[in-house]
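Next comes target15.cif, with mmCIF, C-alpha atoms.
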data_coords
#
loop_
_atom_site.label_atom_id
_atom_site.label_comp_id
_atom_site.auth_asym_id
_atom_site.auth_seq_id
_atom_site.Cartn_x
_atom_site.Cartn_y
_atom_site.Cartn_z
CA MET A 150 -59.90 -73.52 66.46
CA SER A 151 -61.53 -75.29 63.56
CA ARG A 152 -60.16 -78.61 62.31
CA THR A 153 -58.75 -77.03 59.17
CA ALA A 154 -57.04 -74.29 61.11
CA ALA A 155 -55.54 -76.87 63.46
CA GLY A 156 -54.32 -78.84 60.47
CA ILE A 157 -52.62 -75.84 58.94
CA ALA A 158 -51.02 -74.97 62.25
CA ALA A 159 -49.66 -78.49 62.58
CA THR A 160 -48.28 -78.40 59.04
CA VAL A 161 -46.55 -75.09 59.60
CA LEU A 162 -45.07 -76.42 62.81
CA ALA A 163 -43.82 -79.54 61.11
CA SER A 164 -42.19 -77.71 58.23
CA SER A 165 -40.44 -75.34 60.55
CA LEU A 166 -38.78 -78.14 62.47
CA PRO A 167 -35.03 -77.88 62.19
CA ALA A 168 -33.37 -80.49 60.00
CA ILE A 169 -29.74 -81.09 59.19
CA ALA A 170 -28.52 -82.43 55.87
CA ALA A 171 -25.53 -84.71 55.43
CA GLU A 172 -22.87 -84.14 52.82
CA SER A 173 -19.85 -86.12 51.81
CA SER A 174 -17.27 -86.22 49.05
CA VAL A 175 -16.95 -89.42 47.08
CA ASP A 176 -13.80 -90.19 45.15
CA VAL A 177 -14.15 -91.44 41.61
CA ARG A 178 -10.88 -92.87 40.44
CA ALA A 179 -9.21 -94.97 37.79
CA ASN A 180 -5.74 -95.80 36.69
CA ILE A 181 -4.66 -96.23 33.12
CA LYS A 182 -2.40 -99.20 33.45
CA GLY A 183 0.88 -99.02 31.62
CA THR A 184 1.03 -101.95 29.27
CA CYS A 185 2.82 -103.12 26.17
CA VAL A 186 1.20 -105.57 23.80
CA ILE A 187 2.75 -107.45 20.89
CA ASP A 188 0.03 -108.00 18.36
CA GLN A 189 1.87 -109.37 15.34
CA VAL A 190 5.04 -111.33 14.73
CA THR A 191 6.59 -112.07 11.36
CA ALA A 192 9.24 -114.79 11.56
CA VAL A 193 12.76 -114.42 10.22
CA GLU A 194 12.54 -116.97 7.45
CA PHE A 195 15.57 -117.65 5.28
CA GLY A 196 13.74 -120.17 3.16
CA ASP A 197 15.87 -122.64 1.25
CA LEU A 198 19.60 -122.15 1.45
CA GLN A 199 21.29 -123.60 -1.57
CA GLN A 200 24.89 -124.62 -1.20
CA GLY A 201 27.38 -123.96 -3.93
CA THR A 202 31.03 -123.33 -4.57
CA THR A 203 30.32 -119.68 -3.87
CA ALA A 204 27.27 -119.81 -1.62
CA PRO A 205 26.16 -116.21 -1.01
CA ASP A 206 25.53 -114.66 2.38
CA ARG A 207 21.79 -114.37 2.88
CA THR A 208 19.54 -112.06 4.81
CA ALA A 209 15.93 -112.41 5.87
CA PRO A 210 13.57 -109.84 7.36
CA GLY A 211 11.38 -110.30 10.36
CA SER A 212 9.31 -107.97 12.46
CA VAL A 213 7.44 -107.55 15.69
CA ARG A 214 4.51 -105.16 15.82
CA TYR A 215 3.56 -103.82 19.22
CA TRP A 216 2.14 -100.87 21.06
CA CYS A 217 2.63 -99.42 24.51
CA THR A 218 0.35 -97.16 26.50
CA LYS A 219 0.74 -93.53 25.62
CA GLY A 220 3.39 -91.90 27.79
CA LEU A 221 4.84 -95.18 29.00
CA ALA A 222 8.62 -95.46 28.75
CA TYR A 223 9.72 -98.90 27.63
CA THR A 224 12.74 -100.85 26.48
CA VAL A 225 13.11 -103.43 23.75
CA ALA A 226 15.26 -106.48 24.48
CA ILE A 227 16.08 -109.20 22.00
CA GLY A 228 17.27 -112.46 23.47
CA THR A 229 20.17 -114.46 22.15
CA GLY A 230 17.95 -117.41 21.31
CA SER A 231 17.73 -121.00 22.46
CA ASN A 232 21.01 -122.23 20.99
CA ALA A 233 23.46 -119.40 21.49
CA GLN A 234 27.07 -120.03 22.13
CA GLY A 235 28.17 -117.09 24.16
CA GLU A 236 26.88 -114.08 22.27
CA ILE A 237 26.69 -115.93 18.96
CA ARG A 238 23.16 -116.78 17.91
CA ARG A 239 22.73 -120.14 16.25
CA MET A 240 19.99 -122.10 14.57
CA LYS A 241 20.02 -125.80 15.39
CA GLY A 242 19.25 -128.66 13.08
CA VAL A 243 15.86 -130.24 13.76
CA ALA A 244 16.00 -133.21 11.40
CA THR A 245 17.67 -136.55 12.03
CA THR A 246 20.20 -135.64 9.36
CA ASN A 247 21.42 -132.48 11.11
CA SER A 248 20.30 -132.54 14.72
CA THR A 249 23.83 -131.99 16.00
CA GLU A 250 24.62 -129.13 13.64
CA TYR A 251 24.33 -125.39 14.12
CA LEU A 252 24.18 -122.41 11.80
CA PRO A 253 25.37 -119.10 13.26
CA TYR A 254 23.41 -115.99 12.35
CA THR A 255 23.19 -112.36 13.30
CA LEU A 256 20.05 -110.45 14.10
CA THR A 257 20.00 -106.68 13.87
CA SER A 258 17.27 -104.35 14.93
CA GLY A 259 16.23 -101.29 13.00
CA SER A 260 14.60 -99.62 15.98
CA ALA A 261 15.72 -97.86 19.11
CA ALA A 262 16.21 -99.95 22.22
CA SER A 263 14.02 -97.63 24.26
CA ALA A 264 11.17 -95.24 23.57
CA VAL A 265 7.91 -93.87 24.92
CA GLY A 266 4.56 -95.44 24.00
CA VAL A 267 2.04 -93.68 21.81
CA GLY A 268 -1.01 -95.85 22.53
CA PRO A 269 -2.82 -98.78 20.93
CA ALA A 270 -4.08 -96.78 17.98
CA THR A 271 -0.52 -96.29 16.75
CA PRO A 272 1.36 -99.59 16.77
CA VAL A 273 5.09 -99.62 16.24
CA THR A 274 6.93 -102.12 14.07
CA LEU A 275 10.29 -103.40 15.20
CA THR A 276 12.14 -104.52 12.11
CA LEU A 277 14.68 -107.30 12.42
CA THR A 278 17.14 -108.56 9.88
CA GLY A 279 18.69 -111.97 10.13
CA ALA A 280 21.88 -112.77 8.26
CA VAL A 281 23.76 -116.01 7.62
CA LYS A 282 27.09 -116.50 5.91
CA GLY A 283 27.47 -118.72 2.89
CA THR A 284 30.63 -120.17 4.32
CA ASP A 285 28.70 -121.27 7.43
CA TYR A 286 25.79 -123.05 5.75
CA ASN A 287 27.91 -124.50 2.96
CA VAL A 288 29.29 -127.15 5.28
CA LEU A 289 25.99 -128.27 6.81
CA SER A 290 23.89 -131.38 6.21
CA VAL A 291 20.54 -131.30 4.49
CA GLY A 292 17.60 -130.44 6.70
CA GLN A 293 15.79 -127.78 8.58
CA LEU A 294 17.34 -125.52 11.20
CA LYS A 295 15.56 -123.40 13.73
CA ASP A 296 16.01 -121.04 16.64
CA THR A 297 13.62 -119.15 18.87
CA VAL A 298 14.42 -115.64 20.02
CA VAL A 299 12.47 -113.92 22.75
CA VAL A 300 11.66 -110.29 22.10
CA THR A 301 10.63 -108.39 25.21
CA ILE A 302 8.98 -105.00 25.23
CA ALA A 303 9.11 -103.99 28.86
CA PRO A 304 7.91 -100.84 30.67
CA MET B 266 -42.84 -70.88 127.32
CA ARG B 267 -43.02 -74.37 125.85
CA ALA B 268 -46.76 -74.08 125.55
CA ARG B 269 -46.37 -70.87 123.55
CA ILE B 270 -43.97 -72.34 121.02
CA GLY B 271 -46.21 -75.36 120.55
CA ALA B 272 -49.14 -73.10 119.82
CA ALA B 273 -47.13 -71.17 117.27
CA PHE B 274 -46.24 -74.36 115.34
CA LEU B 275 -49.85 -75.42 115.45
CA ALA B 276 -50.90 -72.12 114.02
CA LEU B 277 -48.39 -72.44 111.18
CA ALA B 278 -49.55 -75.94 110.38
CA PHE B 279 -53.08 -74.88 110.14
CA SER B 280 -52.36 -71.91 107.90
CA ALA B 281 -50.46 -74.04 105.14
CA SER B 282 -52.41 -74.85 102.03
CA ALA B 283 -51.64 -76.95 98.88
CA ASP B 284 -51.40 -75.67 95.34
CA GLN B 285 -50.72 -77.27 91.95
CA ALA B 286 -49.91 -76.17 88.48
CA ASN B 287 -49.33 -77.80 85.10
CA MET B 288 -45.75 -77.74 84.02
CA SER B 289 -45.13 -78.57 80.36
CA VAL B 290 -42.23 -80.83 79.44
CA GLY B 291 -41.23 -80.47 75.84
CA VAL B 292 -38.48 -81.51 73.50
CA GLU B 293 -37.93 -81.14 69.82
CA LEU B 294 -36.22 -83.93 67.94
CA ILE B 295 -34.07 -82.42 65.26
CA GLY B 296 -34.41 -84.10 61.91
CA ILE B 297 -30.96 -85.11 60.86
CA CYS B 298 -29.22 -87.20 58.22
CA LYS B 299 -25.74 -88.53 58.80
CA ILE B 300 -23.31 -90.27 56.48
CA SER B 301 -21.32 -92.87 58.33
CA GLN B 302 -19.26 -94.57 55.65
CA VAL B 303 -18.16 -93.81 52.10
CA MET B 304 -16.87 -96.31 49.57
CA PRO B 305 -15.21 -94.67 46.56
CA VAL B 306 -16.05 -95.45 42.99
CA ASP B 307 -12.82 -97.15 42.03
CA PHE B 308 -12.31 -98.53 38.53
CA GLY B 309 -8.90 -99.87 39.46
CA ASP B 310 -6.53 -100.50 36.59
CA LEU B 311 -7.93 -99.87 33.14
CA GLU B 312 -5.99 -101.97 30.69
CA GLN B 313 -5.95 -100.85 27.12
CA SER B 314 -6.26 -103.32 24.28
CA ALA B 315 -7.35 -103.49 20.68
CA THR B 316 -10.91 -103.87 21.94
CA SER B 317 -10.91 -102.27 25.37
CA PRO B 318 -14.13 -103.18 27.17
CA ASP B 319 -16.47 -100.74 28.84
CA ARG B 320 -15.98 -100.95 32.59
CA THR B 321 -18.23 -100.32 35.57
CA ALA B 322 -17.49 -99.61 39.22
CA ILE B 323 -19.76 -99.23 42.21
CA GLY B 324 -19.45 -96.81 45.08
CA SER B 325 -21.70 -96.39 48.08
CA LEU B 326 -22.61 -94.36 51.12
CA HIS B 327 -23.94 -95.68 54.37
CA PHE B 328 -26.23 -93.15 56.02
CA TRP B 329 -29.18 -92.76 58.26
CA CYS B 330 -31.85 -90.15 58.70
CA SER B 331 -34.09 -89.54 61.68
CA LYS B 332 -37.08 -91.81 61.78
CA GLY B 333 -39.90 -90.37 59.75
CA LEU B 334 -37.74 -87.71 58.10
CA ARG B 335 -38.13 -87.50 54.36
CA TYR B 336 -34.92 -87.06 52.47
CA ASN B 337 -33.55 -86.60 48.98
CA VAL B 338 -30.16 -87.71 47.71
CA LYS B 339 -28.39 -85.40 45.31
CA VAL B 340 -25.10 -86.04 43.56
CA ASP B 341 -23.34 -83.12 41.94
CA ASP B 342 -21.44 -83.16 38.65
CA GLY B 343 -17.99 -83.41 40.19
CA LEU B 344 -15.00 -81.15 39.85
CA HIS B 345 -14.25 -81.54 36.15
CA SER B 346 -17.58 -81.85 34.35
CA SER B 347 -18.01 -80.36 30.95
CA LYS B 348 -21.34 -79.71 29.29
CA GLY B 349 -23.11 -81.98 31.74
CA THR B 350 -20.63 -84.84 31.35
CA ARG B 351 -18.75 -85.95 34.42
CA ARG B 352 -15.04 -86.40 33.93
CA MET B 353 -12.04 -87.68 35.84
CA LYS B 354 -8.85 -85.71 35.38
CA GLY B 355 -5.35 -87.08 35.12
CA HIS B 356 -3.14 -86.19 38.04
CA ALA B 357 0.26 -87.50 37.07
CA ALA B 358 2.91 -85.75 35.02
CA THR B 359 2.10 -88.11 32.15
CA ASN B 360 -1.64 -87.29 31.97
CA ASN B 361 -2.47 -84.09 33.81
CA LEU B 362 -4.03 -82.55 30.72
CA GLU B 363 -6.25 -85.52 29.99
CA PHE B 364 -9.82 -86.30 31.02
CA LEU B 365 -11.85 -89.49 31.09
CA SER B 366 -15.60 -89.06 30.90
CA TYR B 367 -17.87 -91.32 32.91
CA ASP B 368 -21.53 -91.90 33.62
CA LEU B 369 -22.78 -92.08 37.18
CA ARG B 370 -26.23 -93.37 38.00
CA PRO B 371 -27.98 -94.33 41.23
CA ARG B 372 -28.64 -98.00 41.85
CA ASN B 373 -31.49 -97.28 44.22
CA THR B 374 -34.10 -94.62 44.81
CA GLU B 375 -32.95 -91.08 45.45
CA ARG B 376 -35.62 -90.30 48.00
CA GLY B 377 -37.00 -92.00 51.03
CA THR B 378 -38.04 -91.72 54.65
CA GLY B 379 -35.55 -92.16 57.44
CA LEU B 380 -35.65 -95.15 59.75
CA GLY B 381 -33.46 -93.79 62.53
CA PRO B 382 -29.82 -94.34 63.46
CA ASP B 383 -30.30 -98.01 64.28
CA PHE B 384 -31.29 -98.74 60.71
CA PRO B 385 -28.63 -97.32 58.40
CA GLU B 386 -29.32 -97.37 54.70
CA VAL B 387 -27.04 -97.75 51.72
CA TYR B 388 -27.04 -95.54 48.68
CA GLU B 389 -25.20 -97.11 45.78
CA MET B 390 -23.90 -95.48 42.63
CA GLU B 391 -22.78 -97.25 39.50
CA ALA B 392 -20.27 -95.56 37.26
CA GLU B 393 -19.24 -96.56 33.76
CA VAL B 394 -16.36 -95.68 31.48
CA LYS B 395 -16.24 -96.56 27.81
CA GLY B 396 -13.31 -98.46 26.38
CA VAL B 397 -13.13 -96.09 23.43
CA ASN B 398 -12.68 -93.23 25.87
CA TYR B 399 -9.82 -94.63 27.92
CA ASP B 400 -8.06 -96.31 24.99
CA PRO B 401 -6.27 -93.16 23.77
CA LEU B 402 -5.23 -91.96 27.23
CA SER B 403 -1.75 -91.85 28.68
CA VAL B 404 -0.56 -94.01 31.51
CA GLY B 405 -1.40 -92.74 34.98
CA PRO B 406 -4.09 -92.20 37.59
CA LEU B 407 -7.24 -90.14 37.08
CA ARG B 408 -9.57 -88.78 39.69
CA ASP B 409 -12.74 -86.83 40.29
CA ILE B 410 -14.65 -85.89 43.43
CA VAL B 411 -18.43 -85.75 43.51
CA VAL B 412 -20.36 -84.36 46.43
CA VAL B 413 -23.33 -86.36 47.65
CA THR B 414 -25.90 -84.48 49.71
CA ILE B 415 -28.65 -86.18 51.66
CA SER B 416 -31.02 -83.43 52.58
CA PRO B 417 -34.30 -83.47 54.49
#

Rewrite the coordinates I just gave you, this time as structure tokens.
Amino acid sequence: MSRTAAGIAATVLASSLPAIAAESSVDVRANIKGTCVIDQVTAVEFGDLQQGTTAPDRTAPGSVRYWCTKGLAYTVAIGTGSNAQGEIRRMKGVATTNSTEYLPYTLTSGSAASAVGVGPATPVTLTLTGAVKGTDYNVLSVGQLKDTVVVTIAP
Amino acid sequence: MRARIGAAFLALAFSASADQANMSVGVELIGICKISQVMPVDFGDLEQSATSPDRTAIGSLHFWCSKGLRYNVKVDDGLHSSKGTRRMKGHAATNNLEFLSYDLRPRNTERGTGLGPDFPEVYEMEAEVKGVNYDPLSVGPLRDIVVVTISP
């Protein structure tokens, strides 16, 4: 057998050797996390309240803009604030002239307390309306009053 | 009588002769590749935001091939590919009509020569999803299955 012929024979032999492949499935996975994000808050600001013999009731708008992951069911909860007395929300005086005084107010929501998210591209605005009575602020001392309300958007 | 038997044995002993032959001993080592361990490509939780980042995840296979055996690694397009794009599919009630496209690329060479079972090798894959692709999706898990073949 010539060298070339022997080489060819060896090659043919090698290529005909049995060989077994390996195969396996690999999972590729992800999870779209359900989340709610508040991206903008507009405070309920009554501005200056001017006392008078017939001080009017006053309202002030506020809002919370948020979004929740598409398909995520969530609830909206509005706290009673830092100075509530029972279920009555109150602003508290923050100046030396009025630090022991409180001004009751109501806060109403223009949105449903629960819903299903539509994703970050479509934020939702929760509108809030604060209201104070003239008869309540007419008796107070000069100075600033404040409260902090926690709004929770929870899956 | 004894003398006769002794003579017979002697005759037998003298008539025995040796012989020898070549006997071949052969074996064929089968070329084989085996996958011993698989780590999934798991992106974990993808959290949406106003500027959702692109995310990567790495998966791997531990394998070995017979020493000297040349092999190629091939990864298919998965179960839900469309027009050459690999996609995970939602599998919850909230997202079972949704898909999330992803890229999958090898982190090391796709061909080599086996080193034998005592020297397992690792084949790593890096996958990437774009923030703009998972941002509009609904809450829930997504999944795909790709088949990796290591063939001699």

Mind listing as a list in words all residues within 9 Å of (-14.2, -95.9, 29.4), counting all atoms listed in the file? Leu311, Ser317, Pro318, Asp319, Arg320, Thr321, Leu365, Ser366, Tyr367, Glu393, Val394, Lys395, Gly396, Val397, Asn398, Tyr399 and Asp400 of chain B

Applying 9 Å and all atoms listed in the file, which residues near range 281-287 of chain A remain after dropping the ones on its own chain fewer than 5 positions away? List them as an NGL selection string. :A and (195 or 198-209 or 251-255)

Resulting file, chosen residues, C-alpha atoms, as a PDB file, in the frame of the given file:
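Result file is result.pdb:
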ATOM      1  CA  PHE A 195      15.570-117.650   5.280  1.00  0.00           C
ATOM      2  CA  LEU A 198      19.600-122.150   1.450  1.00  0.00           C
ATOM      3  CA  GLN A 199      21.290-123.600  -1.570  1.00  0.00           C
ATOM      4  CA  GLN A 200      24.890-124.620  -1.200  1.00  0.00           C
ATOM      5  CA  GLY A 201      27.380-123.960  -3.930  1.00  0.00           C
ATOM      6  CA  THR A 202      31.030-123.330  -4.570  1.00  0.00           C
ATOM      7  CA  THR A 203      30.320-119.680  -3.870  1.00  0.00           C
ATOM      8  CA  ALA A 204      27.270-119.810  -1.620  1.00  0.00           C
ATOM      9  CA  PRO A 205      26.160-116.210  -1.010  1.00  0.00           C
ATOM     10  CA  ASP A 206      25.530-114.660   2.380  1.00  0.00           C
ATOM     11  CA  ARG A 207      21.790-114.370   2.880  1.00  0.00           C
ATOM     12  CA  THR A 208      19.540-112.060   4.810  1.00  0.00           C
ATOM     13  CA  ALA A 209      15.930-112.410   5.870  1.00  0.00           C
ATOM     14  CA  TYR A 251      24.330-125.390  14.120  1.00  0.00           C
ATOM     15  CA  LEU A 252      24.180-122.410  11.800  1.00  0.00           C
ATOM     16  CA  PRO A 253      25.370-119.100  13.260  1.00  0.00           C
ATOM     17  CA  TYR A 254      23.410-115.990  12.350  1.00  0.00           C
ATOM     18  CA  THR A 255      23.190-112.360  13.300  1.00  0.00           C
TER      19      THR A 255
END

Can you check which residues of chain A have any atom within 12 Å of chain B? Use all atoms listed in the file and format it as a ChimeraX atom specification. /A:162-188,215-222,265-272,304

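For the pair CA of Gly196 in chain A and CA of Val213 in chain A, the separation is 18.9 Å.
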
Can you work out the spacing between CA of Gly381 in chain B and CA of Gly333 in chain B in Å, to one decimal? 7.8 Å

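From CA of Gly279 in chain A back to CA of Val298 in chain A, the distance works out to 11.4 Å.
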
Around the point (18.3, -109.9, 12.4) (coordinates from the file), which residues reach within 7 Å if we count only C-alpha atoms? Answer as a PDB file with C-alpha atoms, in the coordinates of the input.
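To be explicit, this is the file written out as out.pdb:
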ATOM      1  CA  PRO A 210      13.570-109.840   7.360  1.00  0.00           C
ATOM      2  CA  THR A 255      23.190-112.360  13.300  1.00  0.00           C
ATOM      3  CA  LEU A 256      20.050-110.450  14.100  1.00  0.00           C
ATOM      4  CA  THR A 257      20.000-106.680  13.870  1.00  0.00           C
ATOM      5  CA  SER A 258      17.270-104.350  14.930  1.00  0.00           C
ATOM      6  CA  LEU A 277      14.680-107.300  12.420  1.00  0.00           C
ATOM      7  CA  THR A 278      17.140-108.560   9.880  1.00  0.00           C
ATOM      8  CA  GLY A 279      18.690-111.970  10.130  1.00  0.00           C
ATOM      9  CA  ALA A 280      21.880-112.770   8.260  1.00  0.00           C
TER      10      ALA A 280
END

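Evaluated against the shown file, the PyMOL selection byres ((chain B and resi 386) around 7) gives His327, Phe328, Trp329, Phe384, Pro385, Val387 and Tyr388 of chain B.
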
Restricted to C-alpha atoms, what would the selected residues look like written as a PDB file, in the coordinates of the input?
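Output file again-v3.pdb follows:
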ATOM      1  CA  HIS B 327     -23.940 -95.680  54.370  1.00  0.00           C
ATOM      2  CA  PHE B 328     -26.230 -93.150  56.020  1.00  0.00           C
ATOM      3  CA  TRP B 329     -29.180 -92.760  58.260  1.00  0.00           C
ATOM      4  CA  PHE B 384     -31.290 -98.740  60.710  1.00  0.00           C
ATOM      5  CA  PRO B 385     -28.630 -97.320  58.400  1.00  0.00           C
ATOM      6  CA  VAL B 387     -27.040 -97.750  51.720  1.00  0.00           C
ATOM      7  CA  TYR B 388     -27.040 -95.540  48.680  1.00  0.00           C
TER       8      TYR B 388
END

Can you give me, as a PDB file with C-alpha atoms, in the coordinates of the input, the residues this file yields under the PyMOL selection byres ((chain A and resi 227-236) around 7)?
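Written out: selection.pdb:
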ATOM      1  CA  VAL A 225      13.110-103.430  23.750  1.00  0.00           C
ATOM      2  CA  ALA A 226      15.260-106.480  24.480  1.00  0.00           C
ATOM      3  CA  ILE A 237      26.690-115.930  18.960  1.00  0.00           C
ATOM      4  CA  ARG A 238      23.160-116.780  17.910  1.00  0.00           C
ATOM      5  CA  ARG A 239      22.730-120.140  16.250  1.00  0.00           C
ATOM      6  CA  MET A 240      19.990-122.100  14.570  1.00  0.00           C
ATOM      7  CA  LYS A 241      20.020-125.800  15.390  1.00  0.00           C
ATOM      8  CA  ASP A 296      16.010-121.040  16.640  1.00  0.00           C
ATOM      9  CA  THR A 297      13.620-119.150  18.870  1.00  0.00           C
ATOM     10  CA  VAL A 298      14.420-115.640  20.020  1.00  0.00           C
ATOM     11  CA  VAL A 299      12.470-113.920  22.750  1.00  0.00           C
ATOM     12  CA  VAL A 300      11.660-110.290  22.100  1.00  0.00           C
ATOM     13  CA  THR A 301      10.630-108.390  25.210  1.00  0.00           C
TER      14      THR A 301
END

Would you give the centre and edge lengths, in Å to one decimal, of a box along x, y and z around the listed atoms of range 291-300 of chain A, with 8 Å added to each side, as AutoDock Vina command-line options?
--center_x 16.1 --center_y -120.8 --center_z 13.6 --size_x 24.9 --size_y 37.0 --size_z 34.3

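Comparing A:Ile302, A:Thr191, A:Asp197, A:Arg214 by their smallest distance to Thr274 in chain A, the closest is A:Arg214 (using all atoms listed in the file).
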
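Of the listed residues (A:Thr224, A:Ser248, A:Gln293, A:Ser212), A:Thr224 comes nearest to Ala261 in chain A; the distances count only C-alpha atoms.
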